[in-house]
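What follows is the content of model-v4.csv, which has CSV, C-alpha atoms and all ligand atoms:
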```
chain,number,residue,atom,x,y,z
A,7,MET,CA,119.6,-67.6,-131.8
A,8,GLU,CA,119.1,-71.1,-130.4
A,9,LYS,CA,122.0,-72.2,-132.5
A,10,CYS,CA,124.1,-69.3,-131.2
A,11,ILE,CA,123.4,-70.4,-127.6
A,12,GLU,CA,124.3,-74.0,-128.5
A,13,LEU,CA,127.6,-73.0,-130.1
A,14,ALA,CA,128.4,-70.7,-127.2
A,15,LYS,CA,128.0,-73.6,-124.7
A,16,LYS,CA,130.8,-75.5,-126.5
A,17,ALA,CA,133.2,-73.3,-124.6
A,18,GLU,CA,131.7,-73.7,-121.1
A,19,GLY,CA,134.4,-73.4,-118.5
A,20,LEU,CA,136.9,-71.9,-120.9
A,21,THR,CA,136.0,-68.2,-121.4
A,22,SER,CA,136.0,-66.8,-117.9
A,23,PRO,CA,136.1,-63.9,-117.1
A,24,ASN,CA,134.6,-63.3,-120.6
A,25,PRO,CA,131.1,-64.3,-121.7
A,26,LEU,CA,129.9,-67.3,-123.7
A,27,VAL,CA,129.1,-66.2,-127.2
A,28,GLY,CA,128.0,-68.0,-130.4
A,29,CYS,CA,127.4,-66.5,-133.9
A,30,VAL,CA,125.5,-67.6,-137.0
A,31,ILE,CA,125.7,-65.9,-140.4
A,32,THR,CA,123.1,-66.4,-143.1
A,33,ASP,CA,122.9,-65.3,-146.8
A,34,GLU,CA,119.9,-63.4,-148.3
A,35,PHE,CA,118.0,-66.7,-148.7
A,36,ASP,CA,118.4,-67.6,-144.9
A,37,ASN,CA,120.9,-70.3,-145.6
A,38,VAL,CA,123.5,-70.7,-142.8
A,39,ILE,CA,126.9,-69.9,-144.5
A,40,ALA,CA,129.1,-69.7,-141.4
A,41,THR,CA,129.1,-70.3,-137.7
A,42,GLY,CA,131.5,-69.4,-134.9
A,43,TYR,CA,131.9,-69.1,-131.2
A,44,HIS,CA,134.3,-67.7,-128.6
A,45,HIS,CA,136.5,-70.7,-128.0
A,46,LYS,CA,138.6,-69.6,-125.1
A,47,TYR,CA,139.5,-66.5,-123.1
A,48,GLY,CA,141.8,-64.2,-125.1
A,49,GLU,CA,140.9,-65.8,-128.4
A,50,ASN,CA,138.8,-64.3,-131.2
A,51,HIS,CA,135.3,-63.3,-130.4
A,52,ALA,CA,132.4,-65.3,-131.8
A,53,GLU,CA,131.6,-62.8,-134.5
A,54,ARG,CA,135.1,-62.6,-135.8
A,55,ASP,CA,135.4,-66.4,-135.6
A,56,ALA,CA,132.4,-66.7,-137.9
A,57,LEU,CA,133.2,-63.7,-140.2
A,58,LEU,CA,136.7,-64.9,-141.0
A,59,LYS,CA,135.0,-67.8,-142.7
A,60,ILE,CA,133.3,-65.7,-145.4
A,61,ASN,CA,134.2,-63.2,-148.0
A,62,LYS,CA,133.0,-59.6,-148.2
A,63,GLY,CA,129.4,-59.3,-149.4
A,64,GLU,CA,128.5,-63.0,-148.9
A,65,GLY,CA,126.8,-62.5,-145.5
A,66,ASP,CA,123.4,-60.9,-145.2
A,67,THR,CA,122.3,-61.4,-141.5
A,68,LEU,CA,124.5,-62.0,-138.5
A,69,TYR,CA,123.0,-63.6,-135.4
A,70,VAL,CA,124.8,-63.3,-132.0
A,71,ASN,CA,123.6,-63.8,-128.4
A,72,LEU,CA,125.5,-60.8,-127.1
A,73,GLU,CA,125.8,-57.2,-128.5
A,74,PRO,CA,128.9,-57.0,-130.6
A,75,CYS,CA,131.8,-55.2,-129.0
A,76,SER,CA,132.9,-51.8,-130.2
A,77,HIS,CA,136.1,-51.4,-128.1
A,78,PHE,CA,139.7,-52.5,-128.4
A,79,GLY,CA,140.3,-55.2,-125.7
A,80,LYS,CA,142.4,-58.2,-126.2
A,81,THR,CA,141.0,-58.3,-129.7
A,82,PRO,CA,139.8,-55.5,-132.1
A,83,PRO,CA,136.2,-54.4,-132.2
A,84,CYS,CA,133.7,-56.9,-133.7
A,85,THR,CA,131.6,-54.0,-135.1
A,86,ASP,CA,134.5,-53.1,-137.4
A,87,ILE,CA,134.7,-56.5,-139.1
A,88,ILE,CA,130.9,-56.7,-139.3
A,89,ILE,CA,130.9,-53.4,-141.2
A,90,GLU,CA,133.9,-54.4,-143.4
A,91,LYS,CA,132.3,-57.7,-144.4
A,92,GLY,CA,129.2,-55.9,-145.6
A,93,ILE,CA,126.6,-57.5,-143.2
A,94,LYS,CA,123.2,-55.9,-143.7
A,95,HIS,CA,121.3,-57.0,-140.6
A,96,VAL,CA,122.5,-57.9,-137.1
A,97,VAL,CA,120.2,-59.8,-134.7
A,98,ILE,CA,121.2,-59.6,-131.1
A,99,GLY,CA,120.1,-61.7,-128.0
A,100,MET,CA,121.0,-59.2,-125.2
A,101,LEU,CA,122.8,-56.0,-124.7
A,102,ASP,CA,126.3,-56.2,-123.3
A,103,PRO,CA,126.4,-55.1,-119.6
A,104,ASN,CA,130.1,-54.2,-120.2
A,105,PRO,CA,130.1,-50.4,-120.0
A,106,ALA,CA,133.0,-50.3,-122.5
A,107,VAL,CA,130.6,-51.6,-125.2
A,108,SER,CA,128.2,-49.6,-127.4
A,109,GLY,CA,128.1,-51.8,-130.4
A,110,ILE,CA,124.5,-51.2,-131.4
A,111,LYS,CA,125.1,-47.5,-131.8
A,112,LYS,CA,128.1,-48.1,-134.0
A,113,LEU,CA,126.3,-50.6,-136.2
A,114,LYS,CA,123.3,-48.3,-136.7
A,115,GLU,CA,125.6,-45.4,-137.6
A,116,ALA,CA,127.1,-47.6,-140.3
A,117,GLY,CA,123.5,-48.1,-141.7
A,118,ILE,CA,123.1,-51.7,-140.5
A,119,ASP,CA,119.6,-52.8,-139.5
A,120,VAL,CA,119.7,-54.0,-135.9
A,121,THR,CA,117.2,-56.2,-134.0
A,122,THR,CA,117.7,-56.8,-130.2
A,123,GLY,CA,116.1,-58.8,-127.5
A,124,VAL,CA,115.7,-62.1,-129.4
A,125,LEU,CA,115.5,-65.0,-126.9
A,126,GLU,CA,116.7,-62.4,-124.4
A,127,ASP,CA,115.8,-64.5,-121.3
A,128,GLU,CA,117.7,-67.5,-122.6
A,129,CYS,CA,120.7,-65.4,-123.5
A,130,LYS,CA,120.7,-63.8,-120.1
A,131,LYS,CA,120.6,-67.1,-118.4
A,132,LEU,CA,123.5,-68.3,-120.6
A,133,ASN,CA,125.7,-65.4,-119.3
A,134,GLU,CA,124.3,-65.0,-115.8
A,135,VAL,CA,127.8,-65.3,-114.4
A,136,PHE,CA,129.2,-62.6,-116.7
A,137,ILE,CA,126.2,-60.3,-116.0
A,138,LYS,CA,126.7,-60.6,-112.2
A,139,ASN,CA,130.4,-59.9,-112.5
A,140,MET,CA,129.9,-56.9,-114.8
A,141,THR,CA,127.0,-55.3,-113.0
A,142,GLN,CA,127.8,-56.1,-109.3
A,143,LYS,CA,131.6,-56.7,-109.4
A,144,LYS,CA,131.0,-59.8,-107.4
A,145,THR,CA,131.6,-63.6,-107.8
A,146,PHE,CA,128.6,-65.7,-108.9
A,147,VAL,CA,127.8,-68.2,-106.2
A,148,ALA,CA,126.1,-71.5,-107.0
A,149,ILE,CA,125.3,-74.3,-104.6
A,150,LYS,CA,125.0,-78.0,-105.5
A,151,THR,CA,123.3,-80.3,-103.0
A,152,ALA,CA,122.0,-83.9,-103.2
A,153,ALA,CA,119.2,-85.1,-100.8
A,154,THR,CA,116.6,-87.7,-100.2
A,155,LEU,CA,112.9,-87.0,-100.6
A,156,ASP,CA,112.8,-85.9,-96.9
A,157,GLY,CA,115.6,-83.4,-97.5
A,158,LYS,CA,118.4,-85.3,-95.9
A,159,THR,CA,122.0,-85.3,-97.2
A,160,ALA,CA,123.5,-87.8,-94.7
A,161,THR,CA,122.4,-90.0,-91.8
A,162,SER,CA,123.2,-88.8,-88.2
A,163,THR,CA,126.5,-90.8,-88.4
A,164,GLY,CA,127.5,-89.0,-91.6
A,165,SER,CA,126.8,-91.9,-94.1
A,166,SER,CA,126.1,-90.3,-97.5
A,167,LYS,CA,127.6,-92.5,-100.2
A,168,TRP,CA,125.7,-92.6,-102.4
A,169,ILE,CA,122.4,-90.8,-102.2
A,170,THR,CA,122.1,-90.2,-105.9
A,171,SER,CA,122.7,-92.4,-108.9
A,172,GLU,CA,125.7,-92.6,-111.2
A,173,LYS,CA,123.8,-90.6,-113.9
A,174,ALA,CA,123.2,-87.8,-111.5
A,175,ARG,CA,126.8,-87.8,-110.3
A,176,ALA,CA,128.0,-87.6,-114.0
A,177,GLU,CA,125.9,-84.5,-114.4
A,178,VAL,CA,127.6,-83.0,-111.4
A,179,LYS,CA,130.9,-83.2,-113.3
A,180,ILE,CA,129.4,-81.2,-116.2
A,181,ILE,CA,128.0,-78.6,-113.7
A,182,ARG,CA,131.3,-78.2,-111.9
A,183,ASN,CA,133.1,-77.5,-115.2
A,184,ARG,CA,130.9,-74.4,-115.7
A,185,TYR,CA,132.4,-72.7,-112.6
A,186,ASP,CA,135.9,-71.3,-112.1
A,187,ALA,CA,136.2,-73.0,-108.8
A,188,ILE,CA,134.5,-75.4,-106.4
A,189,MET,CA,134.2,-74.9,-102.7
A,190,THR,CA,133.9,-77.2,-99.7
A,191,SER,CA,134.4,-77.4,-96.0
A,192,SER,CA,136.7,-79.2,-93.6
A,193,SER,CA,133.8,-81.3,-92.4
A,194,THR,CA,133.1,-82.7,-95.8
A,195,ILE,CA,136.8,-83.5,-96.4
A,196,ILE,CA,137.0,-85.3,-93.0
A,197,ALA,CA,133.7,-87.2,-93.4
A,198,ASP,CA,134.0,-88.2,-97.1
A,199,ASN,CA,137.6,-87.6,-98.2
A,200,PRO,CA,136.4,-86.7,-101.7
A,201,GLN,CA,138.7,-86.1,-104.6
A,202,MET,CA,136.6,-83.3,-106.3
A,203,PHE,CA,138.6,-83.0,-109.4
A,204,HIS,CA,138.7,-79.3,-110.6
A,205,ARG,CA,141.1,-76.6,-111.8
A,206,LYS,CA,140.6,-74.5,-108.6
A,207,LYS,CA,139.4,-75.6,-105.2
A,208,ILE,CA,138.4,-73.4,-102.3
A,209,ILE,CA,138.5,-75.1,-98.9
A,210,LEU,CA,137.2,-73.6,-95.7
A,211,ASP,CA,139.2,-75.1,-92.8
A,212,ARG,CA,139.3,-72.6,-89.9
A,213,GLU,CA,141.6,-74.6,-87.6
A,214,LEU,CA,143.6,-76.3,-90.4
A,215,LYS,CA,142.4,-79.7,-89.1
A,216,THR,CA,142.1,-81.5,-92.4
A,217,ASN,CA,144.8,-84.1,-93.2
A,218,PRO,CA,147.2,-82.7,-95.8
A,219,GLU,CA,147.2,-86.2,-97.3
A,220,SER,CA,143.4,-86.0,-98.1
A,221,GLN,CA,142.5,-86.8,-101.7
A,222,ILE,CA,141.3,-83.2,-102.4
A,223,TYR,CA,144.8,-81.8,-102.0
A,224,LYS,CA,146.3,-84.1,-104.6
A,225,GLN,CA,145.1,-82.1,-107.6
A,226,GLY,CA,144.3,-78.5,-108.7
A,227,GLU,CA,145.1,-75.1,-107.3
A,228,ILE,CA,144.0,-74.9,-103.7
A,229,TYR,CA,142.9,-71.8,-101.8
A,230,LEU,CA,142.7,-72.7,-98.1
A,231,PHE,CA,140.8,-70.2,-96.0
A,232,ASN,CA,141.8,-70.5,-92.4
A,233,GLU,CA,142.2,-68.3,-89.3
A,234,LYS,CA,145.9,-69.1,-88.7
A,235,LYS,CA,148.2,-68.3,-91.7
A,236,ASP,CA,148.8,-66.7,-95.0
A,237,GLY,CA,151.2,-67.8,-97.7
A,238,LEU,CA,151.9,-70.2,-100.6
A,239,ASN,CA,153.1,-73.8,-100.0
A,240,GLY,CA,153.2,-76.0,-103.1
A,241,ASN,CA,149.8,-76.0,-104.7
A,242,ILE,CA,148.2,-74.6,-101.5
A,243,ASN,CA,147.5,-70.9,-101.1
A,244,PHE,CA,146.8,-70.3,-97.4
A,245,ILE,CA,144.5,-67.3,-96.8
A,246,LYS,CA,144.2,-65.9,-93.3
A,247,THR,CA,140.5,-65.1,-92.8
A,248,PRO,CA,138.5,-63.2,-90.2
A,249,VAL,CA,136.2,-65.4,-88.1
A,250,LYS,CA,132.7,-64.4,-86.9
A,251,ASP,CA,130.7,-66.3,-84.2
A,252,GLY,CA,133.3,-69.1,-84.5
A,253,LYS,CA,132.9,-69.4,-88.2
A,254,ILE,CA,134.9,-68.3,-91.3
A,255,SER,CA,133.5,-65.0,-92.6
A,256,LEU,CA,131.8,-65.9,-95.9
A,257,GLU,CA,131.5,-62.3,-96.8
A,258,PHE,CA,135.3,-62.1,-96.7
A,259,VAL,CA,135.7,-65.3,-98.7
A,260,PHE,CA,133.4,-64.3,-101.6
A,261,GLU,CA,135.0,-60.8,-101.8
A,262,LYS,CA,138.4,-62.4,-101.8
A,263,LEU,CA,137.4,-64.8,-104.6
A,264,TYR,CA,136.5,-61.8,-106.8
A,265,LYS,CA,139.8,-60.1,-106.1
A,266,LEU,CA,141.6,-63.4,-107.0
A,267,GLY,CA,139.8,-63.3,-110.4
A,268,ILE,CA,137.6,-66.3,-109.5
A,269,MET,CA,134.4,-65.2,-111.2
A,270,SER,CA,132.1,-68.1,-110.2
A,271,VAL,CA,132.1,-70.8,-107.6
A,272,LEU,CA,130.1,-73.9,-107.0
A,273,VAL,CA,129.7,-74.8,-103.3
A,274,GLU,CA,129.5,-78.5,-102.7
A,275,SER,CA,129.4,-79.5,-99.0
A,276,GLY,CA,127.2,-80.6,-96.2
A,277,GLY,CA,124.1,-78.8,-94.9
A,278,LYS,CA,125.9,-76.4,-92.6
A,279,LEU,CA,128.0,-74.6,-95.2
A,280,SER,CA,125.3,-74.9,-97.9
A,281,GLY,CA,122.8,-73.4,-95.5
A,282,ARG,CA,125.1,-70.5,-94.5
A,283,THR,CA,125.9,-69.9,-98.2
A,284,LEU,CA,122.2,-69.5,-99.2
A,285,LYS,CA,122.3,-65.9,-98.2
A,286,TYR,CA,124.9,-65.2,-100.9
A,287,ALA,CA,123.7,-67.8,-103.5
A,288,ASP,CA,122.7,-66.9,-107.0
A,289,LYS,CA,121.6,-70.3,-108.1
A,290,ILE,CA,121.0,-73.8,-106.6
A,291,TYR,CA,121.3,-77.2,-108.2
A,292,HIS,CA,119.4,-79.6,-106.0
A,293,PHE,CA,119.4,-83.3,-106.8
A,294,ILE,CA,116.7,-85.4,-105.2
A,295,ALA,CA,116.8,-89.2,-105.0
A,296,PRO,CA,113.6,-91.2,-104.5
A,297,LYS,CA,114.6,-92.3,-101.0
A,298,ILE,CA,113.4,-91.5,-97.5
A,299,THR,CA,115.6,-91.7,-94.4
A,300,GLY,CA,112.5,-91.3,-92.2
A,301,ASP,CA,114.9,-90.2,-89.4
A,302,ASN,CA,114.6,-86.7,-88.1
A,303,SER,CA,118.2,-87.0,-86.8
A,304,SER,CA,119.5,-87.4,-90.3
A,305,LYS,CA,121.3,-84.3,-91.6
A,306,SER,CA,119.3,-81.7,-93.5
A,307,CYS,CA,120.8,-80.4,-96.8
A,308,PHE,CA,120.4,-76.8,-95.6
A,309,ASP,CA,120.9,-76.4,-91.9
A,310,PHE,CA,121.5,-72.8,-90.7
A,311,GLN,CA,118.6,-71.4,-88.7
A,312,LYS,CA,115.9,-72.1,-86.2
A,313,ILE,CA,112.4,-70.8,-87.1
A,314,THR,CA,109.0,-70.9,-85.5
A,315,ASP,CA,106.8,-69.5,-88.2
A,316,ILE,CA,106.5,-70.9,-91.7
A,317,SER,CA,106.6,-67.4,-93.1
A,318,GLN,CA,110.3,-67.2,-92.0
A,319,CYS,CA,111.2,-69.7,-94.8
A,320,LEU,CA,113.5,-68.5,-97.6
A,321,ASN,CA,111.7,-68.4,-100.9
A,322,PHE,CA,112.8,-69.5,-104.4
A,323,ARG,CA,111.7,-69.7,-108.0
A,324,ILE,CA,112.1,-73.1,-109.6
A,325,ASP,CA,113.6,-72.7,-113.0
A,326,GLY,CA,114.0,-76.3,-114.3
A,327,ILE,CA,113.3,-79.9,-113.6
A,328,GLN,CA,115.5,-82.6,-115.2
A,329,THR,CA,115.5,-86.3,-114.8
A,330,PHE,CA,118.7,-88.4,-114.2
A,331,ASN,CA,116.9,-91.6,-113.7
A,332,PRO,CA,115.9,-92.4,-111.0
A,333,ASP,CA,116.8,-89.0,-109.6
A,334,ILE,CA,115.7,-85.5,-110.4
A,335,LEU,CA,117.6,-82.2,-110.5
A,336,LEU,CA,115.7,-79.1,-109.5
A,337,THR,CA,117.4,-75.8,-110.5
A,338,TYR,CA,116.2,-72.8,-108.6
A,339,TYR,CA,117.0,-69.2,-107.9
A,340,PRO,CA,116.4,-67.0,-104.8
A,341,ILE,CA,113.4,-64.8,-105.5
A,342,GLY,CA,114.5,-61.4,-106.7
A,343,LYS,CA,117.7,-62.7,-108.4
B,401,LIG,C1,134.3,-62.3,-125.6
B,401,LIG,N1,133.9,-63.1,-126.6
B,401,LIG,O1,132.6,-63.5,-128.4
B,401,LIG,C2,132.4,-61.4,-127.3
B,401,LIG,C3,132.8,-60.6,-126.3
B,401,LIG,O2,139.3,-58.3,-124.0
B,401,LIG,P1,138.4,-58.7,-125.2
B,401,LIG,O3,138.8,-58.1,-126.5
B,401,LIG,O4,138.3,-60.2,-125.3
B,401,LIG,O5,136.9,-58.2,-124.9
B,401,LIG,C4,136.1,-58.8,-123.9
B,401,LIG,C5,134.8,-58.1,-123.9
B,401,LIG,O6,134.2,-58.1,-125.2
B,401,LIG,C6,133.7,-58.8,-123.0
B,401,LIG,O7,133.8,-58.2,-121.7
B,401,LIG,C7,132.4,-58.5,-123.7
B,401,LIG,O8,131.9,-57.2,-123.2
B,401,LIG,C8,132.8,-58.3,-125.2
B,401,LIG,N2,132.2,-59.4,-126.0
B,401,LIG,N3,133.7,-61.1,-125.4
B,401,LIG,O9,135.2,-62.7,-124.8
B,401,LIG,C9,132.9,-62.7,-127.5
B,401,LIG,N4,131.5,-61.0,-128.2
B,402,ZN,ZN,133.8,-58.6,-129.9
```
Let me see the structure of the file written as structure tokens.
Amino acid sequence: MEKCIELAKKAEGLTSPNPLVGCVITDEFDNVIATGYHHKYGENHAERDALLKINKGEGDTLYVNLEPCSHFGKTPPCTDIIIEKGIKHVVIGMLDPNPAVSGIKKLKEAGIDVTTGVLEDECKKLNEVFIKNMTQKKTFVAIKTAATLDGKTATSTGSSKWITSEKARAEVKIIRNRYDAIMTSSSTIIADNPQMFHRKKIILDRELKTNPESQIYKQGEIYLFNEKKDGLNGNINFIKTPVKDGKISLEFVFEKLYKLGIMSVLVESGGKLSGRTLKYADKIYHFIAPKITGDNSSKSCFDFQKITDISQCLNFRIDGIQTFNPDILLTYYPIGK
């Protein structure tokens, strides 16, 4: 199953809105005789990709991180080819949250021995975006931030280049690729003029005050949420957005993203937008550099509320700690998600 997950990850950024799936087939002596994965949206499913590499009767056990599909979608049901090729056992990581799929039932009816829930937590993490999309019909929201040991993301004058090392910033590019779009604010564009290379970019600019010559506009498909106008102009899709308390409604933005088929978004901005997004966030990537500004007027990486009692803090569950020397990356989830 570990191998299935590793294979599935080869297609990160390419399968949306579909899941990441990998498949391994062994013979009766447990030798791996074929592997496959879902390479790209619309192409063969992982199981078919692997099964097309063997003849009928050669495979004994098929391992796959997601329940095989039993429906006709863009491709025919995987259960049919599993049965045709004479597979005897199917080992599954997690059930498919897609209500159209009831693969286990079909396999069992064909007399195939089925085991489920193998490395289930890892498989669920691999497809956390797909699970949220299927079960809640909502876009998965991740935040990336980079801060000093004292939780600051810029000085009071806005200086922030660079808090983290090149190694950490190279990892950010890998993280970005997992998401359908990245999102930032007018303040970040005005302060840093970043390029933020990506297929799709979401920009929140209520008053349309960013310079159209800014680096960010030079590449990718742009969705510009603002309070003034709607319509397409070159690579920029203007989206007129309701405003609440002087700010773009994030509720509207995230609902609109789902309607636009943007299944996941990585928010990369200053503390104001990152802070406001926490309420909607499913996952946070938090880089920490071993530096201290020591200045309380420096900008915090999450800045959205005033509290008096420590019990009013938001609470999270840390999932992973990685090192990108000399920095670290903490990955965490809101409690309850
Ligand atoms: C994939 N790749 O390897 C597996 C999937 O429209 P279709 O035919 O591509 O079907 C998409 C559904 O198939 C998807 O929502 C999921 O429930 C199931 N399994 N999908 O794209 C795969 N095994
Ligand atoms: Zn399938």
* To do: Around the point (114.5, -90.4, -98.0), in the coordinates given by the file, pick out the residues reaching within 12 Å, counting only C-alpha atoms, and return them as a ChimeraX atom specification.
  => /A:152-161,166,169-170,294-302,304-307,333
* **Env. residues ligand LIG 401 (chain B) / 9 Å / all atoms listed in the file / as an MDAnalysis selection string** => chainID A and resid 14 21:29 42:55 70:84 102:107 136 140
* Asked: Quick one: distance from CA of Leu214 (chain A) to CA of Phe146 (chain A) in Å, one decimal?
  -> 26.1 Å
* What does the distance between CA of Phe231 (chain A) and CA of Phe260 (chain A) come to in Å, to one decimal place? ->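 Calculated distance between CA of Phe231 (chain A) and CA of Phe260 (chain A) is 11.0 Å.
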* Restricting the calculation to all atoms listed in the file, which member of A:Val271, A:Ala17, A:Val147, A:Met7 is positioned closest to Thr122 (chain A)? -> A:Met7
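When only C-alpha atoms and all ligand atoms are used to measure the gap to ligand ZN 402 (chain B), the shortest distance among A:Asn243, A:Asn61, A:Thr216, A:Ser108 belongs to A:Ser108.
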* Asked: For Cys10 (chain A), which residue out of A:Glu128, A:Asp36, A:Glu115, A:Asp251 is the nearest one, using all atoms listed in the file?
  ->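 Nearest to Cys10 (chain A): A:Glu128.
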* Residue among A:Leu272, A:Val178, A:Ile196, A:Ile188 lying closest to Leu335 (chain A), counting all atoms listed in the file ->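 Distance minimum relative to Leu335 (chain A) lands on A:Val178.
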* Can you tell me, as a list in words, which residues sit within 6 Å of (116.2, -60.1, -130.4) in the file's frame, using only C-alpha atoms? ->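 Answer for this query, in the requested form: Val97, Ile98, Gly99, Thr121, Thr122, Gly123 and Val124 of chain A.
Taking CA of Ile208 (chain A) and CA of Glu12 (chain A) as endpoints, the distance between them is 29.8 Å.
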* Fewer than 2 positions away in the same chain doesn't count, so skip those; otherwise give me all residues within 7 Å of Asp211 (chain A), counting only C-alpha atoms, as a PyMOL selection string. => chain A and resi 191-192+209+213-215+230-232
* Structure fact -> Min atom-atom distance to Ile118 (chain A) from the set A:Val96, A:Ile324, A:Ile180, A:Ala40, counting all atoms listed in the file, belongs to A:Val96
